[in-house]
Structure formats: structure tokens, C-alpha cells
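Raw contents of query-v8.txt, compact mmCIF, C-alpha atoms:
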# COMPACT_ATOMS: atom_id res chain seq x y z
CA MET B 1 11.53 -74.01 -91.54
CA GLY B 2 10.56 -77.31 -93.09
CA GLY B 3 12.36 -80.61 -93.31
CA LEU B 4 12.34 -83.99 -91.61
CA ARG B 5 14.77 -85.58 -89.17
CA PRO B 6 16.45 -88.96 -89.80
CA CYS B 7 14.07 -90.36 -87.13
CA ASP B 8 11.04 -89.23 -89.21
CA SER B 9 10.01 -91.13 -92.35
CA HIS B 10 10.02 -90.13 -96.00
CA GLU B 11 7.23 -91.75 -98.02
CA CYS B 12 7.49 -92.89 -101.63
CA SER B 13 4.78 -94.76 -103.51
CA GLN B 14 5.06 -97.57 -106.00
CA LEU B 15 2.46 -97.65 -108.80
CA ASN B 16 -0.09 -100.38 -109.51
CA GLU B 17 1.04 -103.12 -110.11
CA LEU B 18 4.80 -103.77 -109.84
CA LYS B 19 5.52 -100.37 -111.40
CA ILE B 20 7.45 -97.24 -110.49
CA ASP B 21 8.32 -93.96 -112.20
CA MET B 22 11.39 -91.73 -112.45
CA ALA B 23 10.06 -89.17 -109.95
CA ALA B 24 10.11 -91.90 -107.32
CA LEU B 25 13.62 -93.08 -108.21
CA ASN B 26 14.92 -89.51 -108.12
CA MET B 27 13.44 -88.87 -104.66
CA LEU B 28 14.84 -92.17 -103.41
CA SER B 29 18.32 -91.35 -104.65
CA GLY B 30 18.39 -88.19 -102.52
CA TRP B 31 16.89 -89.77 -99.42
CA SER B 32 19.16 -92.84 -99.55
CA GLN B 33 22.28 -90.67 -99.96
CA ASN B 34 21.12 -88.51 -97.07
CA GLY B 35 20.59 -91.45 -94.70
CA ASP B 36 16.87 -90.75 -94.28
CA THR B 37 14.37 -93.32 -93.03
CA ILE B 38 12.36 -94.49 -96.06
CA MET B 39 8.86 -95.92 -96.09
CA ILE B 40 7.73 -97.38 -99.42
CA GLU B 41 3.99 -97.50 -99.99
CA GLN B 42 2.00 -99.76 -102.30
CA MET B 43 -1.75 -100.35 -102.32
CA PRO B 44 -2.53 -103.41 -104.46
CA ILE B 45 -5.99 -103.26 -106.03
CA PHE B 46 -8.28 -106.25 -105.49
CA GLY B 47 -10.24 -106.75 -108.71
CA GLY B 48 -7.75 -104.75 -110.77
CA TYR B 49 -4.83 -105.90 -112.93
CA CYS B 50 -3.94 -108.76 -110.53
CA GLY B 51 -7.39 -110.35 -110.35
CA GLY B 52 -8.80 -112.19 -107.33
CA VAL B 53 -7.77 -112.43 -103.69
CA GLU B 54 -5.03 -115.01 -104.15
CA GLU B 55 -3.44 -113.28 -107.16
CA THR B 56 -3.61 -109.89 -105.43
CA THR B 57 -1.94 -111.33 -102.33
CA ILE B 58 0.87 -112.80 -104.46
CA CYS B 59 1.43 -109.36 -106.04
CA ASP B 60 1.25 -107.74 -102.59
CA ILE B 61 4.10 -109.96 -101.35
CA ALA B 62 6.13 -109.33 -104.53
CA THR B 63 5.82 -105.55 -104.18
CA THR B 64 6.66 -105.69 -100.47
CA LEU B 65 9.89 -107.56 -101.23
CA ALA B 66 10.69 -105.07 -104.01
CA SER B 67 10.49 -102.19 -101.53
CA PHE B 68 13.48 -103.56 -99.63
CA THR B 69 15.42 -105.04 -102.55
CA MET B 70 15.09 -102.34 -105.20
CA PHE B 71 13.94 -99.16 -103.52
CA GLN B 72 16.00 -98.92 -100.29
CA GLY B 73 12.89 -99.03 -98.11
CA ASN B 74 13.33 -99.44 -94.35
CA PHE B 75 9.69 -100.38 -93.89
CA HIS B 76 6.79 -101.12 -96.21
CA LEU B 77 3.33 -99.56 -95.99
CA ASP B 78 0.69 -101.84 -97.47
CA GLY B 79 -2.98 -101.06 -98.16
CA PRO B 80 -4.85 -103.61 -100.27
CA ILE B 81 -7.82 -101.71 -101.66
CA HIS B 82 -11.16 -102.85 -103.07
CA ILE B 83 -11.81 -101.77 -106.66
CA ARG B 84 -15.56 -101.42 -106.13
CA TRP B 85 -15.64 -99.74 -102.74
CA GLY B 86 -12.29 -97.95 -102.59
CA ILE B 87 -11.65 -99.19 -99.04
CA THR B 88 -9.20 -101.36 -97.13
CA THR B 89 -11.75 -102.70 -94.63
CA ALA B 90 -13.73 -104.97 -96.99
CA ARG B 91 -13.69 -108.74 -96.37
CA GLU B 92 -11.54 -109.44 -99.46
CA THR B 93 -8.96 -106.74 -98.79
CA LEU B 94 -8.65 -107.74 -95.14
CA GLN B 95 -8.07 -111.32 -96.25
CA ILE B 96 -5.35 -110.18 -98.68
CA ALA B 97 -3.67 -108.08 -95.97
CA GLY B 98 -3.90 -110.86 -93.38
CA HIS B 99 -2.47 -113.52 -95.69
CA ALA B 100 0.30 -111.33 -97.13
CA ALA B 101 1.46 -110.23 -93.67
CA ALA B 102 1.32 -113.75 -92.23
CA ALA B 103 3.39 -115.12 -95.15
CA ILE B 104 6.02 -112.36 -94.88
CA ASP B 105 6.08 -112.61 -91.08
CA ALA B 106 6.66 -116.37 -91.21
CA ASN B 107 9.66 -115.98 -93.53
CA THR B 108 11.40 -112.70 -92.68
CA ASP B 109 12.06 -110.06 -90.00
CA LEU B 110 10.91 -107.23 -92.29
CA LEU B 111 9.08 -104.27 -90.77
CA ILE B 112 5.64 -104.05 -92.38
CA ALA B 113 2.74 -101.64 -91.89
CA ASN B 114 -0.80 -101.23 -93.18
CA GLN B 115 -2.97 -98.16 -93.80
CA TYR B 116 -6.66 -97.59 -93.17
CA TYR B 117 -9.45 -96.45 -95.51
CA PRO B 118 -12.90 -97.29 -94.04
CA ILE B 119 -16.02 -96.43 -96.04
CA ALA B 120 -18.03 -94.79 -93.21
CA GLY B 121 -17.28 -91.30 -91.90
CA PRO B 122 -16.26 -90.19 -88.37
CA CYS B 123 -18.69 -90.16 -85.46
CA THR B 124 -20.40 -93.35 -86.66
CA GLU B 125 -20.24 -96.79 -85.11
CA MET B 126 -19.65 -98.37 -88.52
CA CYS B 127 -16.47 -96.35 -89.06
CA LEU B 128 -15.11 -97.49 -85.68
CA LEU B 129 -16.05 -101.12 -86.30
CA GLU B 130 -14.40 -101.15 -89.73
CA THR B 131 -11.24 -99.61 -88.27
CA ALA B 132 -11.21 -102.14 -85.44
CA ALA B 133 -11.62 -105.04 -87.88
CA GLN B 134 -8.53 -104.03 -89.80
CA ALA B 135 -6.56 -103.38 -86.61
CA ILE B 136 -7.38 -106.91 -85.46
CA VAL B 137 -6.27 -108.42 -88.79
CA ASP B 138 -3.06 -106.39 -88.94
CA THR B 139 -2.08 -107.07 -85.33
CA ALA B 140 -2.82 -110.79 -85.39
CA SER B 141 -1.05 -111.34 -88.72
CA GLY B 142 2.23 -109.97 -87.35
CA ARG B 143 2.42 -106.42 -88.70
CA GLU B 144 4.61 -103.96 -86.83
CA MET B 145 2.76 -100.72 -87.59
CA LEU B 146 -0.86 -99.61 -88.06
CA SER B 147 -1.23 -96.27 -89.88
CA GLY B 148 -4.50 -94.39 -89.94
CA SER B 149 -7.19 -93.74 -90.30
CA ALA B 150 -8.52 -92.06 -93.44
CA ALA B 151 -12.24 -92.37 -92.74
CA ALA B 152 -14.85 -91.79 -95.48
CA LYS B 153 -12.42 -93.42 -97.96
CA GLY B 154 -9.86 -90.68 -97.36
CA VAL B 155 -11.41 -88.41 -99.96
CA ALA B 156 -13.81 -86.17 -97.99
CA MET B 157 -12.56 -82.85 -96.59
CA ASP B 158 -11.98 -82.84 -92.80
CA LYS B 159 -13.52 -86.28 -92.25
CA THR B 160 -10.72 -87.70 -90.12
CA THR B 161 -10.18 -87.41 -86.35
CA GLY B 162 -8.06 -88.81 -83.54
CA MET B 163 -10.95 -90.93 -82.25
CA GLU B 164 -10.53 -93.35 -85.16
CA ALA B 165 -6.85 -93.79 -84.23
CA ARG B 166 -7.97 -94.48 -80.65
CA ILE B 167 -10.11 -97.45 -81.69
CA MET B 168 -7.32 -98.64 -84.02
CA GLY B 169 -4.89 -98.71 -81.08
CA GLU B 170 -7.27 -100.11 -78.49
CA ALA B 171 -8.42 -102.90 -80.83
CA ALA B 172 -4.76 -103.75 -81.54
CA ILE B 173 -3.93 -103.93 -77.83
CA ALA B 174 -6.94 -106.15 -77.15
CA THR B 175 -5.95 -108.46 -80.01
CA CYS B 176 -2.33 -109.04 -78.94
CA GLY B 177 -1.60 -112.58 -77.80
CA LYS B 178 -4.99 -114.10 -78.67
CA LYS B 179 -5.15 -117.39 -80.61
CA ILE B 180 -5.57 -116.97 -84.38
CA SER B 181 -8.58 -119.31 -84.42
CA GLU B 182 -10.28 -117.08 -81.84
CA ILE B 183 -9.36 -113.97 -83.85
CA ASN B 184 -10.78 -115.43 -87.07
CA GLY B 185 -14.03 -116.16 -85.19
CA ILE B 186 -14.28 -112.59 -83.89
CA LEU B 187 -13.56 -111.21 -87.37
CA GLU B 188 -16.29 -113.27 -88.99
CA LYS B 189 -18.89 -111.79 -86.64
CA LEU B 190 -17.46 -108.29 -86.87
CA ILE B 191 -17.15 -108.03 -90.66
CA SER B 192 -20.60 -109.55 -91.13
CA SER B 193 -22.02 -106.82 -88.90
CA TYR B 194 -21.01 -103.93 -91.19
CA GLU B 195 -20.40 -105.21 -94.73
CA LYS B 196 -24.09 -105.16 -95.61
CA ASN B 197 -24.04 -101.36 -95.34
CA TYR B 198 -21.54 -100.60 -98.15
CA HIS B 199 -24.26 -99.42 -100.51
CA LYS B 200 -25.39 -96.71 -98.08
CA PRO B 201 -22.58 -96.10 -95.59
CA PRO B 202 -23.13 -93.39 -92.96
CA ALA B 203 -21.38 -90.22 -94.15
CA GLY B 204 -20.41 -89.17 -90.64
CA LYS B 205 -19.37 -85.71 -89.53
CA ARG B 206 -16.51 -83.28 -90.19
CA PHE B 207 -13.79 -82.74 -87.62
CA GLN B 208 -15.35 -79.37 -86.76
CA GLU B 209 -18.55 -81.22 -85.73
CA CYS B 210 -16.74 -84.07 -83.92
CA TYR B 211 -14.48 -81.87 -81.74
CA ASP B 212 -14.54 -78.51 -80.02
CA VAL B 213 -12.04 -76.82 -82.34
CA LYS B 214 -10.76 -74.46 -79.62
CA THR B 215 -10.10 -77.06 -76.92
CA VAL B 216 -9.56 -80.04 -79.29
CA MET B 217 -11.84 -82.18 -77.12
CA PRO B 218 -14.14 -84.78 -78.74
CA THR B 219 -17.87 -84.14 -78.38
CA ASP B 220 -20.00 -86.11 -75.93
CA GLU B 221 -21.85 -87.49 -78.93
CA TYR B 222 -18.68 -89.01 -80.38
CA LEU B 223 -17.58 -90.37 -76.98
CA GLN B 224 -20.95 -92.08 -76.59
CA ILE B 225 -20.69 -93.59 -80.08
CA TYR B 226 -17.17 -94.75 -79.22
CA ASP B 227 -18.44 -96.45 -76.05
CA LYS B 228 -21.18 -98.15 -78.06
CA ALA B 229 -18.62 -99.46 -80.60
CA VAL B 230 -16.45 -100.84 -77.77
CA GLU B 231 -19.53 -102.56 -76.32
CA THR B 232 -20.28 -104.11 -79.72
CA LEU B 233 -16.67 -105.27 -80.17
CA ASN B 234 -16.58 -106.76 -76.69
CA GLY B 235 -19.85 -108.51 -77.45
CA PHE B 236 -18.01 -110.24 -80.31
CA GLY B 237 -15.32 -111.34 -77.82
CA LEU B 238 -12.56 -108.76 -78.32
CA GLY B 239 -12.16 -107.59 -74.72
CA ILE B 240 -11.15 -103.93 -74.97
CA LYS B 241 -10.53 -102.65 -71.42
CA MET A 1 24.91 -117.16 -108.45
CA ALA A 2 25.94 -115.00 -105.52
CA PRO A 3 24.94 -111.34 -105.94
CA ALA A 4 27.76 -108.83 -106.64
CA ARG A 5 26.35 -106.55 -103.92
CA ALA A 6 23.04 -105.41 -102.46
CA LEU A 7 21.35 -103.20 -105.06
CA THR A 8 21.49 -99.42 -104.73
CA ILE A 9 18.95 -97.07 -106.29
CA PHE A 10 21.62 -96.25 -108.90
CA ASP A 11 22.07 -99.93 -109.77
CA VAL A 12 18.30 -100.13 -110.14
CA TYR A 13 18.20 -97.16 -112.52
CA GLU A 14 21.04 -98.57 -114.63
CA ARG A 15 19.34 -101.92 -114.82
CA PHE A 16 16.07 -100.28 -115.88
CA THR A 17 17.85 -98.45 -118.72
CA LYS A 18 19.12 -101.76 -120.09
CA GLY A 19 15.87 -103.65 -119.49
CA LYS A 20 13.46 -105.13 -121.99
CA LYS A 21 11.07 -102.67 -123.67
CA VAL A 22 7.40 -103.42 -122.98
CA THR A 23 4.31 -101.27 -123.48
CA GLU A 24 2.46 -100.25 -120.31
CA ALA A 25 -0.75 -101.82 -121.66
CA GLU A 26 1.02 -105.14 -122.21
CA TRP A 27 2.39 -104.98 -118.65
CA ASP A 28 -0.96 -104.12 -117.06
CA TYR A 29 -3.30 -106.31 -119.06
CA GLN A 30 -1.17 -109.33 -120.01
CA ILE A 31 2.03 -109.78 -118.02
CA ILE A 32 0.72 -109.03 -114.51
CA PRO A 33 -2.55 -111.02 -114.65
CA THR A 34 -0.96 -113.95 -116.53
CA ASN A 35 1.99 -114.28 -114.16
CA ALA A 36 -0.11 -113.81 -111.00
CA ALA A 37 -2.50 -116.57 -112.13
CA ALA A 38 0.46 -118.81 -113.03
CA MET A 39 1.96 -118.38 -109.54
CA LYS A 40 -1.38 -119.17 -107.94
CA ASP A 41 -1.50 -122.45 -109.89
CA LYS A 42 2.20 -123.32 -109.45
CA TYR A 43 2.11 -122.95 -105.68
CA LYS A 44 -1.46 -124.27 -105.27
CA ILE A 45 -2.72 -121.17 -103.48
CA LYS A 46 -6.37 -121.34 -102.49
CA PHE A 47 -7.77 -119.35 -99.58
CA GLY A 48 -10.46 -120.62 -97.24
CA LYS A 49 -12.82 -118.42 -95.24
CA GLU A 50 -10.37 -117.29 -92.60
CA MET A 51 -8.87 -113.80 -92.66
CA ILE A 52 -5.54 -114.95 -91.20
CA PRO A 53 -4.05 -118.30 -92.26
CA GLU A 54 -2.93 -120.79 -89.61
CA ASP A 55 -1.42 -123.39 -91.96
CA LYS A 56 2.38 -122.97 -91.94
CA ASP A 57 2.79 -124.72 -95.28
CA MET A 58 0.28 -122.35 -96.89
CA LYS A 59 2.14 -119.33 -95.51
CA ASN A 60 5.44 -120.64 -96.90
CA ARG A 61 3.97 -121.46 -100.32
CA LEU A 62 2.38 -118.03 -100.48
CA PHE A 63 5.69 -116.36 -99.64
CA GLN A 64 7.46 -118.38 -102.33
CA ALA A 65 4.73 -117.46 -104.84
CA GLY A 66 5.31 -113.75 -104.10
CA MET A 67 9.08 -114.18 -104.37
CA ASP A 68 8.70 -116.06 -107.67
CA MET A 69 6.29 -113.39 -108.96
CA LEU A 70 8.91 -110.68 -108.38
CA VAL A 71 11.84 -112.68 -109.77
CA THR A 72 9.95 -114.01 -112.81
CA THR A 73 8.06 -110.82 -113.68
CA GLY A 74 10.49 -108.08 -112.68
CA PHE A 75 9.47 -104.46 -112.17
CA TYR A 76 8.27 -101.90 -114.71
CA ASN A 77 9.46 -98.30 -115.08
CA CYS A 78 6.57 -96.51 -116.75
CA ASP A 79 8.66 -93.47 -117.77
CA LEU A 80 11.34 -95.55 -119.44
CA GLY A 81 8.93 -98.23 -120.68
CA ARG A 82 11.41 -100.89 -119.57
CA VAL A 83 11.49 -103.88 -117.22
CA MET A 84 14.26 -104.69 -114.76
CA ASN A 85 14.77 -108.10 -113.18
CA VAL A 86 16.29 -109.27 -109.90
CA THR A 87 17.44 -112.67 -108.72
CA GLU A 88 16.15 -114.41 -105.60
CA GLU A 89 19.64 -114.02 -104.12
CA GLU A 90 19.41 -110.26 -104.63
CA VAL A 91 16.02 -110.18 -102.92
CA TRP A 92 17.46 -111.97 -99.89
CA ASP A 93 20.44 -109.60 -99.91
CA GLY A 94 18.01 -106.66 -99.81
CA ILE A 95 16.22 -108.26 -96.85
CA LYS A 96 19.54 -108.78 -95.05
CA LYS A 97 20.65 -105.22 -95.70
CA THR A 98 17.57 -103.50 -94.27
CA PRO A 99 17.66 -102.57 -90.55
CA LYS A 100 16.02 -105.07 -88.22
CA TRP A 101 14.63 -102.29 -86.07
CA LEU A 102 14.22 -98.52 -86.20
CA LEU A 103 13.86 -95.79 -83.62
CA LEU A 104 11.17 -93.33 -84.69
CA GLY A 105 11.09 -89.96 -82.95
CA GLU A 106 13.45 -88.72 -80.26
CA GLY A 107 13.88 -88.69 -76.49
CA LYS A 108 10.91 -89.74 -74.39
CA ASP A 109 8.65 -89.44 -77.43
CA ALA A 110 10.60 -92.09 -79.37
CA ALA A 111 8.90 -95.32 -80.45
CA ARG A 112 10.96 -98.46 -81.01
CA PHE A 113 9.97 -100.19 -84.25
CA ASP A 114 10.80 -103.87 -83.63
CA PRO A 115 9.82 -107.03 -85.51
CA ARG A 116 6.75 -108.82 -84.13
CA HIS A 117 6.01 -112.44 -84.89
CA GLY A 118 2.58 -114.00 -85.21
CA ASN A 119 0.06 -112.47 -82.85
CA ASP A 120 2.83 -111.22 -80.58
CA ALA A 121 1.91 -110.04 -77.08
CA ARG A 122 3.65 -106.71 -77.89
CA LYS A 123 1.44 -104.16 -79.56
CA PRO A 124 2.34 -102.76 -82.97
CA ILE A 125 3.28 -99.10 -83.38
CA ILE A 126 0.16 -96.96 -83.72
CA GLN A 127 0.75 -94.26 -86.32
CA GLY A 128 -2.13 -91.80 -86.04
CA GLY A 129 -3.20 -89.34 -88.69
CA PRO A 130 -5.43 -88.72 -91.70
CA THR A 131 -3.12 -90.84 -93.94
CA GLY A 132 -3.24 -88.48 -96.89
CA ALA A 133 -6.89 -87.45 -96.57
CA PRO A 134 -7.63 -83.76 -97.31
CA VAL A 135 -7.70 -81.38 -94.34
CA SER A 136 -8.63 -77.68 -94.34
CA GLU A 137 -5.81 -75.23 -93.78
CA GLU A 138 -7.80 -73.59 -90.97
CA VAL A 139 -8.03 -76.70 -88.76
CA PHE A 140 -4.90 -78.57 -89.82
CA VAL A 141 -3.10 -78.09 -86.49
CA GLN A 142 -6.17 -79.10 -84.48
CA VAL A 143 -6.79 -82.22 -86.58
CA MET A 144 -3.19 -83.35 -86.12
CA GLN A 145 -3.34 -82.51 -82.40
CA SER A 146 -6.38 -84.75 -82.06
CA TYR A 147 -4.10 -87.67 -83.00
CA ALA A 148 -0.97 -86.56 -81.11
CA GLN A 149 -2.92 -86.29 -77.84
CA GLU A 150 -4.30 -89.86 -78.02
CA ALA A 151 -2.61 -92.11 -75.43
CA VAL A 152 -2.33 -95.08 -77.81
CA VAL A 153 -0.71 -93.09 -80.63
CA ASP A 154 3.09 -93.48 -80.98
CA THR A 155 3.89 -91.63 -84.23
CA LEU A 156 2.07 -89.32 -86.65
CA VAL A 157 1.12 -89.45 -90.34
CA ASN A 158 0.05 -86.26 -92.11
CA GLY A 159 -3.14 -85.36 -93.83
CA VAL A 160 -2.94 -83.26 -96.98
CA MET A 161 -3.35 -79.51 -96.47
CA ALA A 162 -5.92 -78.72 -99.14
CA THR A 163 -4.98 -75.06 -99.61
CA ILE A 164 -2.18 -72.72 -98.66
CA GLU A 165 -3.06 -69.08 -98.10
CA GLY A 166 -6.27 -69.85 -99.92
CA HIS A 167 -4.53 -71.28 -103.02
CA SER A 168 -5.06 -74.88 -104.06
CA ALA A 169 -2.03 -77.04 -103.23
CA LYS A 170 -2.01 -78.27 -106.83
CA THR A 171 0.50 -80.97 -107.83
CA ASN A 172 3.62 -79.80 -109.68
CA THR A 173 3.19 -76.16 -108.70
CA PRO A 174 5.10 -73.99 -106.20
CA TRP A 175 1.97 -73.96 -104.03
CA GLU A 176 2.30 -77.72 -103.54
CA ILE A 177 5.78 -77.27 -102.06
CA LYS A 178 4.68 -74.35 -99.88
CA ALA A 179 1.72 -76.38 -98.59
CA GLU A 180 3.94 -79.38 -97.83
CA LEU A 181 6.31 -77.27 -95.74
CA ALA A 182 3.36 -75.63 -93.99
CA GLU A 183 2.03 -79.11 -93.20
CA LEU A 184 5.29 -80.02 -91.49
CA ARG A 185 5.27 -76.83 -89.41
CA ALA A 186 1.66 -77.50 -88.47
CA VAL A 187 2.41 -81.06 -87.38
CA ARG A 188 5.25 -79.78 -85.21
CA GLU A 189 2.90 -77.28 -83.59
CA ALA A 190 0.33 -80.06 -83.03
CA ARG A 191 2.97 -82.24 -81.32
CA ILE A 192 4.00 -79.39 -79.05
CA ARG A 193 0.38 -78.60 -78.13
CA ALA A 194 -0.10 -82.27 -77.24
CA GLY A 195 3.03 -82.22 -75.04
CA ARG A 196 4.90 -84.67 -77.26
CA PRO A 197 7.26 -82.39 -79.23
CA ASN A 198 9.63 -85.12 -80.45
CA MET A 199 7.17 -87.68 -81.84
CA ALA A 200 8.09 -89.04 -85.24
CA ILE A 201 6.31 -87.85 -88.38
Let me see whether you can do it: turn the structure in this file into C-alpha cells.
Amino acid sequence: MGGLRPCDSHECSQLNELKIDMAALNMLSGWSQNGDTIMIEQMPIFGGYCGGVEETTICDIATTLASFTMFQGNFHLDGPIHIRWGITTARETLQIAGHAAAAIDANTDLLIANQYYPIAGPCTEMCLLETAAQAIVDTASGREMLSGSAAAKGVAMDKTTGMEARIMGEAAIATCGKKISEINGILEKLISSYEKNYHKPPAGKRFQECYDVKTVMPTDEYLQIYDKAVETLNGFGLGIK
Amino acid sequence: MAPARALTIFDVYERFTKGKKVTEAEWDYQIIPTNAAAMKDKYKIKFGKEMIPEDKDMKNRLFQAGMDMLVTTGFYNCDLGRVMNVTEEEVWDGIKKTPKWLLLGEGKDAARFDPRHGNDARKPIIQGGPTGAPVSEEVFVQVMQSYAQEAVVDTLVNGVMATIEGHSAKTNTPWEIKAELAELRAVREARIRAGRPNMAI
């Protein structure tokens, strides 16, 4: 049988920008009456209706507040996305996420999350570096949850694996407690190392090529690429153990 | 003025029905960009090179700009073609009303979802999963298991099962509902295989 428990989360999406539809309101009416945990999602588009980084960040904060005020959300799932690349790991979208979270964190106790859409596919160092960059931004800017990762922009069949969540978590743990000035320095080096590859990002491999499907164990190839990504991140000063 | 009460979803619907009529094109192409630019100017928001701001005054001005954007602009219901507005007091009431922490999952697989502040020494919750990316029906359990078995992962987020019994899980069809329920069963199986049967979805 299907169904979720009150300790699971129901997800409802706002529309871009500062919009919602009746289907969402109708779902929310049932969930709120039922006492379910509600996560409201909104992915503001950088370069879309809002405009530049500052305007998009302002809209991001407005929609986050709306989730709690109007839509009975218990936590908000962000995801600033780049209109050209369709990813959350670009310099501009990371800056939007980092500034929006820091502003909300400094003024409220709200529970806020962010979601991950790197451009590169699994089993590539670039995918792991992009994921780590966002994990560093989200952790250091005070977010409470990191949700991901939808590699290869989240649109390619079977191009997501647990290894991307591993780097997301390990990068977050390594970030915790570091000074923001140090974090900003690491991020500058890290983002500069991959953003030149957006025009021809590595497509990566499908889950079936990244794992033994019977044993659900990652391949040696992916483990070696993971180790290389950790080495690169530690070279930038992150300190993953 | 003090709010009458924290808004419910029913209050929100009623307020939408009485709201100002605006075309969606006017909302998208005029109201949103004009108001966002006005807030940027009003609160003197200008980012530097850093990804995460350190200036406390900047963080506060940015928060106020977002608050003002919501209060001044309101929210648009694209089915009704109407705009509802809220007051700043109502926004703060909504913030007060929401739980300050949540417990996701059950038993020893539960994850406590607490507020962090700044670059807190406590790690955030790691929610692992394809985050809505398409996953083949044939490997759905294994893909979700690959997340559930990771030591750093605390909770799970589904991918989208692309087909169900070979049929496309097309939106607004019975197959979509069948696929969604199959997804949930598959995630439960993945959690059990990973030895974490009560993780939150």
C-alpha cells in the first residue's frame, strides 16, 4: 500500500515567480487538515522574470517567507536555477542561494533546504566538484537541509547515484565551523576550476554503469574518481577526512 | 494592525478570490521585474564577489527587501488570475506558527531537523536521492538503495519512476498515480535493503 507517515514530507511547488495554482492549494488543504509535514519548493530563475542576482535573491527571500505565511509549509526547499545552463551549481545561482540563506538565517529560525542540479553526469570529477561547491555554500550560509543530487541537470534517465550524495554530505561536514572568509576563498578556487566547462560538460554514466546492479556496490572506477575529487577539494583547503 | 490570526490555506483561498485581477503576462513581465528592481534600489542591495555575505547590515537589508517584496507585491494565483496580499505582521505570525524543529523518520532512523545558525558546527540534514530526476522502473529500488546505504545520508528524496508496467507515468493520468504509489513502495524496499527501514521520505 502507498501513503506517507506524518514524519515523512509532502512536497508542493510554487510557480515562477511569486505564483501558485489551484492544484497546489487543493493539495495543501488536505495535507494541512491531516497534520502532514509539508515542504514547499520554489526554484527562482536567475535571468528570468526577476532579472539579475540581487533581484532574484530578493524574490527568493519573498517566496521563502510566503511558504510559511501562506502555504502552511514546515520547511522550504530552495533551488535558484540558471536560465542558460539549467543548473543550481553556477556561480550566480550559488551566490543567490548563499545570500538568501544568510539573510533568512540572520533574521529567523526557519528551516530551509536547497536542492542540487549539477550540469555534469555521474562518475565524473566535475559532477562531484559542482555538488561539493553547493554543499559548501548551503552549509556555511546556515541551511538546515541539503537535498540531492540530480546530476546531469536532473533530466537524463538513470544519471543519479548515491555517490553524489556522499560528496554532498562529506563536503558539508568538512565545511561546518569554518570561517566564512575562508569558505569564500575555497569557493572562489573551486568554482573557477569547473565553470569553464559548461559548454561541454562530461555526460557521465548511467547508474547501471556506475554500480553493480545486483550488489548495489559502486564500481572501482567511480571510487577512484571520488578519491580524486576529494584530493582536489582538499587541495583547495576543504579538509575532507 | 495586529493580524486577526495566522493565515490558513482556506483564508488564503478566500483572499485570492477577492483579490485584484491581473493578467499573467502583466504579472510576469511588469510587476515582478519592476518591484524586484525597486526593492534592490530602496534597500541599496549590491553584491560583491563573495558567495556568502559577512556584512550583518547587508544581510538585514536583504531580508527586509525580501519581506517588502512579498508585502508590496503579493502573490498571484494563475488559475484565478488574481493577486492576494499579506501584511508584514501576518508574515511574522506565519513564522511564529511554524514548528522550530521537526523529527523526520522514526526510531533509530529518525533525523532531528533543528535550526542551524551561520556556519554552525552541526552538520545539516543530508537528504539523498535523485530529487525528481527520471529513473527506470527496473532499477528504481537499487538507485534509491544506493542513497539509503550511504553513511552520511539521513533522509531520502525520490526520483521519478519513468514508467509503470511499461506505461509512461504521464501527468494527469491514472498511470501517474499508480507510478507514484509504486515509487513509495520501492523506496520502502530500498530502505529495508539498506537496513534503515524507518528513514524519512
_Spatial neighbours of His10 in chain B, max dist 8 Å, only C-alpha atoms, sep filter under 4 positions, as a count of residues only_ = 6
_What's around Ala169 in chain A at 9 Å? Count all atoms listed in the file, leave out sequence neighbours fewer than 5 positions away in its own chain, and write the answer as a list in words._
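The neighbour list is Val160, Met161, Ala162, Thr163, Ile164, Pro174, Trp175, Glu176, Ile177, Lys178, Ala179 and Glu180 of chain A.
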_Shell of 9 Å around range 79-93 of chain A, only C-alpha atoms, local chain residues under 4 positions omitted, as JSON, numbers by chain_ = {"B": [20, 21, 22, 65, 66, 68, 69, 70], "A": [1, 2, 3, 4, 5, 6, 7, 12, 13, 15, 16, 17, 18, 19, 20, 21, 22, 23, 24, 67, 68, 70, 71, 72, 73, 74, 75, 97, 98]}
*asked:* Neighbouring residues of Ile104 in chain B were defined as those with any atom within 9 Å, considering only C-alpha atoms; residues of the same chain fewer than 6 positions away were excluded. Please report them as a ChimeraX atom specification.
replied: /B:61,64-65,110,112,142 /A:59-60,62-63
*Using all atoms listed in the file, which residue out of A:Asn158, A:Ser136, A:Gln127, A:Asn198 lies closest to Gly169 in chain B?*
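Going through A:Asn158, A:Ser136, A:Gln127, A:Asn198 one by one, the smallest distance to Gly169 in chain B is for A:Gln127.
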*With distances taken over all atoms listed in the file, which of A:Ile31, A:Leu103, A:Ala65, A:Val187 is nearest to Lys46 in chain A?*
A:Ala65
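A straight line drawn from CA of Val137 in chain B to CA of Pro99 in chain A is 24.7 Å long.
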*With only C-alpha atoms as the basis for distance, which of A:Met39, A:Val141, A:Met69, A:Ala110 is at the shortest distance from Ala182 in chain A?*
A:Val141
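Taking CA of Leu156 in chain A and CA of Ala200 in chain A as endpoints, the distance between them is 6.2 Å.
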*asked:* Set the distance at 7 Å and use only C-alpha atoms: which residues neighbour Ala148 in chain A once local chain neighbours fewer than 2 positions away are removed? I'd like the list as a PyMOL selection string.
replied: chain A and resi 144-146+150+153+156+190-191+194
*Give me, please, the distance in Å between CA of Leu102 in chain A and CA of Thr175 in chain B, quoted to one decimal.*
23.3 Å
*Out of B:Glu164, B:Glu195, B:Asp8, B:Glu92, which residue has the shortest atom-to-atom distance to Phe46 in chain B when counting only C-alpha atoms?*
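Under the stated criterion, the closest residue is B:Glu92.
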Centre and edges of the range 177-184 of chain A box, axis-aligned, 8 Å extra per side, as lines of an AutoDock Vina configuration file:
center_x = 4.0
center_y = -77.2
center_z = -96.8
size_x = 20.6
size_y = 21.7
size_z = 26.6
*Have a look at B:Trp85, B:Tyr222, B:Phe207, B:Tyr194 and name the one nearest to chain A; count only C-alpha atoms.*
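Distance minimum relative to chain A lands on B:Phe207.
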*Dig up all the protein and nucleic acid residues within 7 Å of (4.3, -101.9, -101.7) in the file frame, using only C-alpha atoms, and format them as a PyMOL selection string.*
chain B and resi 14+40-43+60+63-64+67+76-78
Keeping only C-alpha atoms, take the residues you just selected and write them out as a short mmCIF file (atom, residue, chain, number, x, y, z; two decimals), in the coordinates of the input.
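Output file part34.cif follows:
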data_model
loop_
_atom_site.label_atom_id
_atom_site.label_comp_id
_atom_site.auth_asym_id
_atom_site.auth_seq_id
_atom_site.Cartn_x
_atom_site.Cartn_y
_atom_site.Cartn_z
CA GLN B 14 5.06 -97.57 -106.00
CA ILE B 40 7.73 -97.38 -99.42
CA GLU B 41 3.99 -97.50 -99.99
CA GLN B 42 2.00 -99.76 -102.30
CA MET B 43 -1.75 -100.35 -102.32
CA ASP B 60 1.25 -107.74 -102.59
CA THR B 63 5.82 -105.55 -104.18
CA THR B 64 6.66 -105.69 -100.47
CA SER B 67 10.49 -102.19 -101.53
CA HIS B 76 6.79 -101.12 -96.21
CA LEU B 77 3.33 -99.56 -95.99
CA ASP B 78 0.69 -101.84 -97.47
#
